[in-house]
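Engineer: As input, take upload_21.txt (compact mmCIF, C-alpha atoms):
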# COMPACT_ATOMS: atom_id res chain seq x y z
CA MET A 746 0.00 0.00 0.00
CA THR A 747 2.83 2.42 0.83
CA ALA A 748 4.42 1.86 -2.59
CA ASP A 749 1.05 2.46 -4.26
CA LEU A 750 0.57 5.68 -2.29
CA SER A 751 4.11 6.81 -3.09
CA ALA A 752 3.48 6.30 -6.81
CA LEU A 753 0.15 8.15 -6.63
CA ILE A 754 1.70 11.01 -4.66
CA ALA A 755 4.44 11.27 -7.30
CA ARG A 756 1.80 11.46 -10.07
CA LEU A 757 -0.07 14.17 -8.15
CA GLU A 758 3.12 16.16 -7.61
CA ALA A 759 3.91 15.94 -11.34
CA ALA A 760 0.41 16.99 -12.40
CA GLU A 761 -0.13 20.65 -13.21
CA VAL A 762 -3.91 20.37 -12.93
CA GLY A 763 -6.34 17.88 -11.49
CA SER A 764 -8.05 15.20 -13.57
CA ARG A 765 -10.83 12.63 -13.33
CA GLU A 766 -8.25 9.85 -13.63
CA LEU A 767 -6.38 11.15 -10.56
CA ASP A 768 -9.70 11.55 -8.72
CA ALA A 769 -10.46 7.87 -9.41
CA GLU A 770 -7.04 6.77 -8.13
CA ILE A 771 -7.50 8.84 -4.96
CA ALA A 772 -10.96 7.30 -4.44
CA LEU A 773 -9.42 3.84 -4.72
CA ALA A 774 -6.52 4.67 -2.40
CA THR A 775 -8.77 6.11 0.31
CA ALA A 776 -11.78 3.78 0.07
CA GLN A 777 -12.64 1.31 2.77
CA ASP A 778 -11.63 -2.19 1.65
CA GLY A 779 -13.79 -3.37 -1.21
CA ALA A 780 -15.86 -0.19 -1.35
CA VAL A 781 -14.85 0.66 -4.92
CA SER A 782 -12.83 -0.79 -7.74
CA ILE A 783 -11.60 0.65 -11.02
CA VAL A 784 -13.57 -0.15 -14.14
CA ASP A 785 -11.71 -2.50 -16.46
CA PRO A 786 -12.54 -1.38 -20.02
CA GLU A 787 -11.85 -4.94 -21.29
CA VAL A 788 -14.61 -6.28 -19.03
CA ALA A 789 -16.95 -3.32 -19.49
CA GLY A 790 -17.20 -4.00 -23.25
CA ILE A 791 -19.64 -1.72 -25.05
CA PHE A 792 -20.48 0.00 -21.77
CA SER A 793 -16.88 1.14 -21.41
CA PRO A 794 -17.10 4.17 -19.12
CA ARG A 795 -15.03 7.28 -19.35
CA PRO A 796 -11.72 7.49 -17.44
CA GLY A 797 -12.31 8.36 -13.81
CA TRP A 798 -15.34 6.12 -13.38
CA LEU A 799 -15.40 3.42 -10.73
CA LEU A 800 -17.54 0.47 -9.69
CA ASP A 801 -19.03 0.32 -6.21
CA ALA A 802 -19.24 -2.88 -4.16
CA ASN A 803 -22.48 -3.80 -5.98
CA GLY A 804 -20.90 -3.41 -9.43
CA SER A 805 -22.74 -0.17 -10.21
CA SER A 806 -20.70 2.51 -11.95
CA ILE A 807 -20.06 5.66 -9.95
CA SER A 808 -18.01 8.77 -10.53
CA ALA A 809 -15.30 9.80 -8.06
CA SER A 810 -15.68 13.20 -6.41
CA PRO A 811 -13.57 15.92 -8.05
CA PHE A 812 -10.91 15.81 -5.30
CA THR A 813 -8.15 17.34 -7.43
CA THR A 814 -10.18 20.24 -8.82
CA SER A 815 -12.63 21.14 -6.05
CA LEU A 816 -11.39 22.40 -2.70
CA ASP A 817 -14.77 21.48 -1.16
CA ALA A 818 -14.39 17.87 -2.36
CA ALA A 819 -10.77 17.73 -1.16
CA LEU A 820 -11.77 19.09 2.28
CA ALA A 821 -14.58 16.52 2.54
CA LEU A 822 -12.01 13.84 1.71
CA ALA A 823 -9.69 15.18 4.43
CA GLU A 824 -12.47 15.02 7.00
CA ARG A 825 -13.38 11.46 5.99
CA VAL A 826 -9.84 10.10 5.76
CA LEU A 827 -8.11 12.16 8.46
CA GLY A 828 -10.54 12.48 11.33
CA GLY A 829 -8.74 14.27 14.15
CA TRP A 830 -6.58 16.49 11.95
CA ALA A 831 -6.70 20.27 11.62
CA TRP A 832 -6.02 21.85 8.26
CA GLN A 833 -5.02 25.23 6.91
CA VAL A 834 -4.99 26.36 3.28
CA ASP A 835 -2.97 29.40 2.19
CA ARG A 836 -2.67 30.75 -1.34
CA TRP A 837 -0.17 33.28 -2.74
CA GLY A 838 -0.48 33.76 -6.48
CA ALA A 839 0.14 30.35 -8.03
CA MET A 840 1.58 28.92 -4.78
CA SER A 841 -0.62 26.82 -2.49
CA ARG A 842 0.50 25.89 1.02
CA ILE A 843 -1.41 23.22 2.87
CA THR A 844 -0.71 22.44 6.52
CA LEU A 845 -2.22 19.44 8.29
CA ASN A 846 -1.77 18.94 12.05
CA GLU A 847 -2.80 15.84 13.95
CA CYS A 848 -4.99 16.81 16.93
CA ASP A 849 -6.27 15.19 20.09
CA ASN A 850 -9.97 14.62 20.80
CA ASP A 851 -10.43 18.21 22.03
CA GLY A 852 -9.16 19.67 18.73
CA TRP A 853 -5.84 20.80 20.20
CA HIS A 854 -2.58 19.83 18.57
CA ARG A 855 -1.02 16.88 20.35
CA SER A 856 2.30 17.49 22.06
CA THR A 857 3.83 14.86 19.80
CA HIS A 858 1.59 15.43 16.81
CA ARG A 859 2.45 14.80 13.22
CA ARG A 860 2.53 17.76 10.85
CA ILE A 861 2.31 17.57 7.07
CA GLU A 862 3.07 20.63 4.97
CA VAL A 863 2.88 20.90 1.20
CA ALA A 864 3.89 24.06 -0.65
CA ILE A 865 3.53 23.72 -4.39
CA GLU A 866 2.71 25.82 -7.44
CA ARG A 867 -0.53 23.99 -8.06
CA PRO A 868 -4.22 24.57 -7.31
CA PRO A 869 -5.11 24.23 -3.61
CA ALA A 870 -7.26 21.12 -4.12
CA LEU A 871 -4.36 19.28 -5.76
CA ALA A 872 -1.97 20.34 -2.99
CA LEU A 873 -4.46 19.23 -0.32
CA CYS A 874 -4.79 15.80 -1.97
CA ILE A 875 -1.01 15.41 -1.80
CA ALA A 876 -1.01 16.34 1.91
CA ILE A 877 -3.88 13.93 2.67
CA LEU A 878 -2.10 11.03 1.00
CA ARG A 879 1.20 11.85 2.74
CA ALA A 880 -0.61 11.81 6.09
CA LYS A 881 -2.34 8.53 5.20
CA GLN A 882 1.01 7.08 4.09
CA GLY A 883 2.49 7.82 7.52
CA GLU A 884 -0.37 6.22 9.51
CA GLY A 885 1.57 3.06 10.27
CA GLU A 886 4.73 4.81 11.37
Produce structure tokens that represent the structure in this file.
Structural biologist:
Amino acid sequence: MTADLSALIARLEAAEVGSRELDAEIALATAQDGAVSIVDPEVAGIFSPRPGWLLDANGSSISASPFTTSLDAALALAERVLGGWAWQVDRWGAMSRITLNECDNDGWHRSTHRRIEVAIERPPALALCIAILRAKQGEGE
């Protein structure tokens, strides 16, 4: 899983803008086990969906939220994946800085909390996705 997240983070860092394909990969990487799977165009046949479409646990096609292009969708992802983290988004021109801080149950930063910071010349939603995946990657450490 860590190698998969590292590869996805590298793709996000290389991307200049968000995309439906990246949204689908993020949905897969952050889904509860078995919640979604990627559509295999070979299997889908004539119903081959567009890139960025997924299958839910029942085999119904769904579209991933626009995590990489919508700050609202990226923040909803952060709240779902990183419960107990505080976030801050700053923007200066083309530069986005995202700061995530692990918090205790009262919302205060823990004395030995983890902090993730991403500063990148990309849209804020894309930068936040990178920070979320870095935090998720470090969960087992």
Engineer: Between CA of Arg867 (chain A) and CA of Ala759 (chain A), what is the spacing in Å?
Structural biologist: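 Answer for the CA of Ala759 (chain A) to CA of Arg867 (chain A) separation: 9.8 Å.
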Engineer: Might I get the box with edges along x, y and z of the file that holds all atoms of region 766-769 of chain A listed there, padded by 3 Å on every side, given as centre and edge lengths in Å to one decimal, as AutoDock Vina command-line options?
Structural biologist:
--center_x -8.4 --center_y 9.7 --center_z -11.2 --size_x 10.1 --size_y 9.7 --size_z 10.9
Engineer: Here is a test: counting all atoms listed in the file, which residue of A:Ala823, A:Val762, A:Ala839, A:Ala774 is nearest to Ala876 (chain A)?
Structural biologist: A:Ala823
Engineer: Do you know which residues are at most 10 Å from Gly828 (chain A) counting only C-alpha atoms, after dropping those on the same chain fewer than 4 positions away, and could you put them as JSON, numbers by chain?
Structural biologist: {"A": [822, 823, 824, 847, 848, 850]}
Engineer: Can you work out which one of A:Asp817, A:Glu884, A:Glu761, A:Glu770 has the shortest atom-to-atom distance to Ile861 (chain A), counting only C-alpha atoms?
Structural biologist: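 The answer is A:Glu884, which sits nearest to Ile861 (chain A).
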Engineer: Find the residues around Thr775 (chain A) up to 12 Å (all atoms listed in the file counted), leave out those fewer than 4 positions away in its own chain, and share them as a PyMOL selection string.
Structural biologist: chain A and resi 746+749-750+753+768-771+779-782+809-810+812+819+822-827+874+877-882
Engineer: Taking all atoms listed in the file into account, name the residue in A:Glu862, A:Asp849, A:Glu766, A:Glu758 that is nearest to Gly829 (chain A).
Structural biologist: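 So, comparing all the options, the nearest one is A:Asp849.
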Engineer: I'd like to know which of A:Ala818, A:Pro868, A:Ala760, A:Thr813 is closest to Asp835 (chain A), using all atoms listed in the file.
Structural biologist: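 With all atoms listed in the file as the atom set, the closest residue is A:Pro868.
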Engineer: Find the distance between CA of Gln833 (chain A) and CA of Thr814 (chain A) and write it in Å to one decimal.
Structural biologist: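 Answer for the CA of Gln833 (chain A) to CA of Thr814 (chain A) separation: 17.3 Å.
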Engineer: Contacts of Pro869 (chain A) at 7 Å or less, counting all atoms listed in the file, minus same-chain residues fewer than 4 places along, as a list in words?
Structural biologist: Leu816, Ser841 and Leu873 of chain A
Engineer: To one decimal place in Å, what is the distance between CA of Ala776 (chain A) and CA of Glu866 (chain A)?
Structural biologist: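 Interatomic distance here is 27.4 Å.
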Engineer: Taking into account only C-alpha atoms, which residue in the set A:Ala821, A:Ala752, A:Ile875, A:Ala864 is nearest to Arg842 (chain A)?
Structural biologist: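 Under the stated criterion, the closest residue is A:Ala864.
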Engineer: Looking at only C-alpha atoms, which of A:Pro811, A:Trp832, A:Ala872, A:Leu820 is the one that sits closest to Ala772 (chain A)?
Structural biologist: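 Between A:Pro811, A:Trp832, A:Ala872, A:Leu820, the residue approaching Ala772 (chain A) most closely is A:Pro811.
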